[in-house]
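Asker: Handing you a structure now.
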Amino acid sequence: VRTELAAMGLQPEDWGGETIFCDVSAKQKTGLDNLLDMLLLVAEVEELKGNPTAEASGAVIESQLDPGRGPVVTLLIQRGALSIGDAMVAGSQWGRVRAMHDYNGQRLKHADLGAPVEVLGFDGVPEAGNAFRVVKNDRAARQLAGDRANRLKTEAIARRARLSRAL
C-alpha cells in the first residue's frame with residue numbers, strides 16, 4: 001500500500017517524505033492511540049482550527065423514519081456548532097432541531113465541530129450524503145427547501161423528457 005501511495009506522490013516520512021503513515025487495525029485494536037496522537041500533531045503543526053461561532057453545516061450520514069420519533073437524522077458537523085432550536089436545511093427537507101443525541105444516546109443542548117449527532121425535527125427524511133446547513137429561521141429554511149425541491153422536480157421532468165425523445 002505504501003508503494004502504491006508513493007507512486008501517487010504521497011511519500012512516507014520513513015522514506016524521507018512528508019506524509020505521516022500510521023499502521024492501525026480496528027479489528028485487533030492496535031495503533032489507534034498512535035493515530036490519534038498523529039492527528040493532533042498534524043492539527044497543531046498546520047494550525048487547523050474550526051470556527052465555533054459560525055452557523056453549523058456538514059453532511060447527513062444516515063437517516064430513517066422511526067415510527068415513534070419521526071425522521072431521525074445522523075449528522076456530522078463539519079463547520080460551526082449546532083444547538084437546540086436551530087433551523088436547518090438538508091437537501092429538499094427542512095426542520096428545527098427539537099432534540100439532539102450523541103453517539104452514546106445522551107441528550108445534548110449544543111454540539112461542536114466534528115461531532116456526530118442524531119437529530120430529531122426534520123419534516124421528512126433527507127438522503128444520506130446530502131449537505132446540511134443552519135439558516136437564520138424557519139421561514140428561510142422552508143423557502144430554501146422548497147426551492148431545492150422544485151429544482152429537483154424540474155430536473156427529473158427534463159430527464160424523463162430526454163429519455164422519451166431518445167426512445
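In the C-alpha cells, each chain is lettered A, B, ... as it comes, each chain's residues begin at 1, and ligands are numbered from 1 in order of appearance.
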Skip region 74-89 of chain A itself and residues of its chain fewer than 5 positions away, then list as a ChimeraX atom specification all residues within 9 Å of it, counting only C-alpha atoms.

Answerer: /A:50-64,94-100,108-119,122,128,131-142,144-145

Asker: Return as an MDAnalysis selection string the full set of residues in region 20-76 of chain A whose backbone-based DSSP assignment is strand (DSSP E).

Answerer: chainID A and resid 57:66 70:76

Asker: Expressed in Å to a single decimal, how great is the separation between CA of Ala90 (chain A) and CA of Arg107 (chain A)?

Answerer: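 Separating CA of Ala90 (chain A) from CA of Arg107 (chain A) is a distance of 21.7 Å.
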
Asker: Could you write out, as a PyMOL selection string, all the residues of chain A that DSSP marks as helix (DSSP H, G or I)?

Answerer: chain A and resi 2-7+13-15+32-45+138-166

Asker: Dump C-alpha atoms for the selected residues as an mmCIF file, in the first residue's frame?

Answerer:
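Okay, part_15.cif is ready:
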```cif
data_model
loop_
_atom_site.group_PDB
_atom_site.id
_atom_site.type_symbol
_atom_site.label_atom_id
_atom_site.label_comp_id
_atom_site.auth_asym_id
_atom_site.auth_seq_id
_atom_site.Cartn_x
_atom_site.Cartn_y
_atom_site.Cartn_z
ATOM 1 C CA ARG A 2 2.823 2.382 0.854
ATOM 2 C CA THR A 3 4.462 1.733 -2.529
ATOM 3 C CA GLU A 4 1.194 2.468 -4.348
ATOM 4 C CA LEU A 5 0.678 5.670 -2.355
ATOM 5 C CA ALA A 6 4.294 6.692 -3.008
ATOM 6 C CA ALA A 7 3.614 6.231 -6.740
ATOM 7 C CA GLU A 13 8.163 10.039 6.463
ATOM 8 C CA ASP A 14 10.139 6.794 6.856
ATOM 9 C CA TRP A 15 11.247 7.144 3.235
ATOM 10 C CA LEU A 32 -5.320 3.648 17.384
ATOM 11 C CA ASP A 33 -3.660 5.735 20.110
ATOM 12 C CA ASN A 34 -0.758 6.490 17.767
ATOM 13 C CA LEU A 35 -3.220 7.530 15.031
ATOM 14 C CA LEU A 36 -4.995 9.930 17.388
ATOM 15 C CA ASP A 37 -1.665 11.386 18.535
ATOM 16 C CA MET A 38 -0.591 11.940 14.922
ATOM 17 C CA LEU A 39 -3.908 13.619 14.081
ATOM 18 C CA LEU A 40 -3.452 16.006 16.998
ATOM 19 C CA LEU A 41 0.151 16.672 15.984
ATOM 20 C CA VAL A 42 -0.775 17.496 12.377
ATOM 21 C CA ALA A 43 -3.648 19.729 13.529
ATOM 22 C CA GLU A 44 -1.282 21.591 15.851
ATOM 23 C CA VAL A 45 1.543 21.952 13.317
ATOM 24 C CA ASP A 138 -37.886 28.510 9.843
ATOM 25 C CA ARG A 139 -39.160 30.712 7.052
ATOM 26 C CA ALA A 140 -35.779 30.821 5.323
ATOM 27 C CA ALA A 141 -35.382 27.059 5.805
ATOM 28 C CA ARG A 142 -38.824 26.342 4.328
ATOM 29 C CA GLN A 143 -38.146 28.647 1.366
ATOM 30 C CA LEU A 144 -34.709 27.154 0.622
ATOM 31 C CA ALA A 145 -36.026 23.579 0.902
ATOM 32 C CA GLY A 146 -38.970 24.433 -1.385
ATOM 33 C CA ASP A 147 -36.648 25.959 -3.986
ATOM 34 C CA ARG A 148 -34.445 22.864 -3.899
ATOM 35 C CA ALA A 149 -37.483 20.545 -4.196
ATOM 36 C CA ASN A 150 -38.749 22.490 -7.233
ATOM 37 C CA ARG A 151 -35.317 22.356 -8.868
ATOM 38 C CA LEU A 152 -35.062 18.589 -8.293
ATOM 39 C CA LYS A 153 -38.574 18.095 -9.693
ATOM 40 C CA THR A 154 -37.753 20.174 -12.793
ATOM 41 C CA GLU A 155 -34.536 18.205 -13.351
ATOM 42 C CA ALA A 156 -36.408 14.887 -13.059
ATOM 43 C CA ILE A 157 -39.016 16.033 -15.615
ATOM 44 C CA ALA A 158 -36.273 17.169 -18.014
ATOM 45 C CA ARG A 159 -34.505 13.818 -17.632
ATOM 46 C CA ARG A 160 -37.711 11.909 -18.402
ATOM 47 C CA ALA A 161 -38.347 14.105 -21.443
ATOM 48 C CA ARG A 162 -34.839 13.400 -22.773
ATOM 49 C CA LEU A 163 -35.324 9.658 -22.263
ATOM 50 C CA SER A 164 -38.688 9.646 -24.050
ATOM 51 C CA ARG A 165 -37.190 11.589 -27.011
ATOM 52 C CA ALA A 166 -34.299 9.109 -27.183
#
```

Asker: Between CA of Gln106 (chain A) and CA of Val72 (chain A), what is the distance in Å, rounded to a tenth?

Answerer: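 Taking CA of Gln106 (chain A) as the start and CA of Val72 (chain A) as the end point, the length is 14.9 Å.
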